[in-house]
Each structure stands twice: as structure tokens, then as C-alpha cells.
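Below: one structure, written as C-alpha cells.
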Amino acid sequence: MFWKKSNNKQSQESKDLWLPIGAAQSFSISELDTELLDLFEKKEKTLETKERFTNWFKQTENLSRDSMHRISEEIALLEYYISLWSMLHPEEQHVKVDFNIADPSLQVNALLFLPLVQNALTNGYITMPEHPIKIRLSSTTNQIKLEVSNHVNHYLKDQSDNDYINFLQDRLKFHYPDKHNLFINSNSMLFKVVMILDVRH
């Protein structure tokens, strides 16, 4: 087992220069996920799949790296993305969600939560009903906590070493300097990420 907190070995000056680019890249990967596009291209096209796939981009077209919206809107996007992924995937998906939000009007950066879900859907085992992806989002008046876990993929050396996670770290450092923690826990059975944001004004 290991615990890894977001860090960077580069100098602070060099890191700061790249943070806006990494933050923008993280948003772009969430907005236009190539894995989701690949699923759509392989799926037999029906009117429903076309409409639902197109609607994803209609929902995100006016968002940007710096967009802020209510956490309730972020949750709605997460739910839509998960349902769209499940519709397009050739195998049955098993995802368990738990949203416990004290204040739905809390503001958060658009698509900030999605990379952790994308990473679980793309890189985790999600076809076993006894090992569903678990997504738990909770909040107080001062803090937002997102937990995403999946059955570990033994074919991957490190599920945390990819663009979803690496660029998300840049985005968190860009938008929430000194106001976030990202913990990654991996063992022989479970891969889990915990994101904590301080949203006090």
C-alpha cells in the first residue's frame, strides 16, 4: 500500500509557468474525452445515442477552464457523463454514486471532478457487479470531498500516472493553491483517490 500526495520535483518557478497550460489541458480532456469518442465511433448509431452524445457537448460548450458553477450543476454533468459512458460501452457497467451535499449552491470550477471519474471508468475494472466503481461526493459549508475508487487494474503499473491525474494536479494547483489535497491509495485490490477542496471565502 502507498499514499501519495500531489507534489512536483521541479522548481517552483518552472512549475508555476506550466500550471495554466496543464489546467487548460485538464479541462480539455474532460470536455472532449477521446475514450468516450472512441466508444461512440464503435457503437451502432441510433437516434438516441446520437442525441445523447451531441447533448454532452451542448452542455459543456459554454464552459471553460475558469468557469464556475454550482456544485449541483457539476453533479448533473457527472451523472450525465456516467450514463452516457454506460450507454456507449459494449459491456455492462457497474457504478455506485453517493452525493451528500450540505449546500447545493456551493461554487466549483466546471468539470473539476470529472477526471477522477474518467480515470476510474477508463483504467479500472468496471464490469464486475461485486466490484463497482464507487463515487462519493460530500460537502460542508467549508469543504468539498470527492472519493472515487475502483477495482485495481493489474495490467497497469500505476493507475495514477496518466493525463487525467497529472493534468488534474496542475488544475488544482492553479485554481486552489494551498486549498486542496489529492490523496492516492493503491493496493492489490483497490485504487482510490480522495480530493479535498477548501471552499471558504
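FYI, nothing fancy with the C-alpha cells labels: chains A, B, ... in order, residues from 1 per chain, ligands from 1 as they appear.
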(request) Just the residues within 12 Å of Asn162 of chain A, please, counting only C-alpha atoms, with nothing from its chain fewer than 2 positions along; format it as a PyMOL selection string. (result) chain A and resi 26+29+115-116+118-120+122-123+156-160+164-169
(request) Any chance you could list, as a list in words, the residues in segment 50-109 of chain A that come up alpha helix (DSSP H) when DSSP is run on the backbone? (result)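 These are the residues in question: Lys50, Glu51, Arg52, Phe53, Thr54, Asn55, Trp56, Phe57, Lys58, Gln59, Thr60, Ile71, Ser72, Glu73, Glu74, Ile75, Ala76, Leu77, Leu78, Glu79, Tyr80, Tyr81, Ile82, Ser83, Leu84, Trp85, Ser86, Met87 and Leu88 of chain A.
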(message) Give me the residues near Asn150 of chain A as a VMD selection string, where near means some atom within 7 Å (using only C-alpha atoms) and where sequence neighbours in that chain fewer than 4 positions away do not count.
(response) chain A and resid 120 124 to 125 132 to 134 190 to 192
Output the selection as an mmCIF file, in the first residue's frame - all heavy atoms for each residue.
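Done, and the output landed in selection39.cif:
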```
data_model
loop_
_atom_site.group_PDB
_atom_site.id
_atom_site.type_symbol
_atom_site.label_atom_id
_atom_site.label_comp_id
_atom_site.auth_asym_id
_atom_site.auth_seq_id
_atom_site.Cartn_x
_atom_site.Cartn_y
_atom_site.Cartn_z
ATOM 1 N N ALA A 120 -11.262 6.315 -13.490
ATOM 2 C CA ALA A 120 -11.834 5.068 -12.985
ATOM 3 C C ALA A 120 -12.537 4.289 -14.088
ATOM 4 O O ALA A 120 -12.380 3.067 -14.211
ATOM 5 C CB ALA A 120 -12.803 5.365 -11.844
ATOM 6 N N GLY A 124 -10.007 1.399 -14.751
ATOM 7 C CA GLY A 124 -10.360 0.430 -13.721
ATOM 8 C C GLY A 124 -11.189 -0.717 -14.276
ATOM 9 O O GLY A 124 -11.642 -0.675 -15.424
ATOM 10 N N TYR A 125 -11.382 -1.751 -13.466
ATOM 11 C CA TYR A 125 -12.299 -2.837 -13.815
ATOM 12 C C TYR A 125 -13.702 -2.419 -13.397
ATOM 13 O O TYR A 125 -13.946 -2.147 -12.220
ATOM 14 C CB TYR A 125 -11.899 -4.131 -13.108
ATOM 15 C CG TYR A 125 -10.728 -4.831 -13.746
ATOM 16 C CD1 TYR A 125 -9.633 -5.215 -12.990
ATOM 17 C CD2 TYR A 125 -10.718 -5.125 -15.108
ATOM 18 C CE1 TYR A 125 -8.552 -5.874 -13.565
ATOM 19 C CE2 TYR A 125 -9.650 -5.776 -15.694
ATOM 20 C CZ TYR A 125 -8.572 -6.148 -14.919
ATOM 21 O OH TYR A 125 -7.507 -6.786 -15.503
ATOM 22 N N PRO A 132 -18.037 -2.589 -7.975
ATOM 23 C CA PRO A 132 -18.417 -1.405 -8.752
ATOM 24 C C PRO A 132 -17.469 -0.238 -8.500
ATOM 25 O O PRO A 132 -16.764 -0.201 -7.475
ATOM 26 C CB PRO A 132 -19.813 -1.071 -8.202
ATOM 27 C CG PRO A 132 -19.748 -1.531 -6.780
ATOM 28 C CD PRO A 132 -18.916 -2.794 -6.806
ATOM 29 N N ILE A 133 -17.437 0.684 -9.434
ATOM 30 C CA ILE A 133 -16.805 1.961 -9.157
ATOM 31 C C ILE A 133 -17.653 2.673 -8.112
ATOM 32 O O ILE A 133 -18.876 2.700 -8.210
ATOM 33 C CB ILE A 133 -16.721 2.826 -10.432
ATOM 34 C CG1 ILE A 133 -15.704 2.236 -11.405
ATOM 35 C CG2 ILE A 133 -16.335 4.268 -10.094
ATOM 36 C CD1 ILE A 133 -15.642 2.967 -12.716
ATOM 37 N N LYS A 134 -17.016 3.235 -7.119
ATOM 38 C CA LYS A 134 -17.736 3.971 -6.088
ATOM 39 C C LYS A 134 -17.346 5.448 -6.137
ATOM 40 O O LYS A 134 -16.158 5.781 -6.092
ATOM 41 C CB LYS A 134 -17.440 3.390 -4.709
ATOM 42 C CG LYS A 134 -17.950 1.968 -4.533
ATOM 43 C CD LYS A 134 -17.662 1.433 -3.146
ATOM 44 C CE LYS A 134 -18.179 0.005 -2.989
ATOM 45 N NZ LYS A 134 -17.886 -0.542 -1.642
ATOM 46 N N LEU A 190 -7.604 -2.491 -4.575
ATOM 47 C CA LEU A 190 -8.358 -1.244 -4.706
ATOM 48 C C LEU A 190 -7.479 -0.075 -5.095
ATOM 49 O O LEU A 190 -6.355 0.077 -4.591
ATOM 50 C CB LEU A 190 -9.061 -0.923 -3.374
ATOM 51 C CG LEU A 190 -10.038 0.247 -3.367
ATOM 52 C CD1 LEU A 190 -11.320 -0.139 -4.112
ATOM 53 C CD2 LEU A 190 -10.372 0.648 -1.927
ATOM 54 N N PHE A 191 -7.998 0.747 -6.001
ATOM 55 C CA PHE A 191 -7.378 2.026 -6.336
ATOM 56 C C PHE A 191 -8.363 3.110 -5.916
ATOM 57 O O PHE A 191 -9.524 3.090 -6.314
ATOM 58 C CB PHE A 191 -7.079 2.130 -7.832
ATOM 59 C CG PHE A 191 -6.497 3.460 -8.233
ATOM 60 C CD1 PHE A 191 -5.135 3.689 -8.113
ATOM 61 C CD2 PHE A 191 -7.305 4.475 -8.709
ATOM 62 C CE1 PHE A 191 -4.589 4.917 -8.466
ATOM 63 C CE2 PHE A 191 -6.765 5.703 -9.073
ATOM 64 C CZ PHE A 191 -5.406 5.929 -8.950
ATOM 65 N N LYS A 192 -7.899 4.056 -5.115
ATOM 66 C CA LYS A 192 -8.790 5.076 -4.582
ATOM 67 C C LYS A 192 -8.116 6.442 -4.589
ATOM 68 O O LYS A 192 -6.941 6.572 -4.248
ATOM 69 C CB LYS A 192 -9.222 4.728 -3.158
ATOM 70 C CG LYS A 192 -10.189 5.716 -2.526
ATOM 71 C CD LYS A 192 -10.635 5.229 -1.144
ATOM 72 C CE LYS A 192 -11.644 6.181 -0.523
ATOM 73 N NZ LYS A 192 -12.091 5.687 0.814
#
```
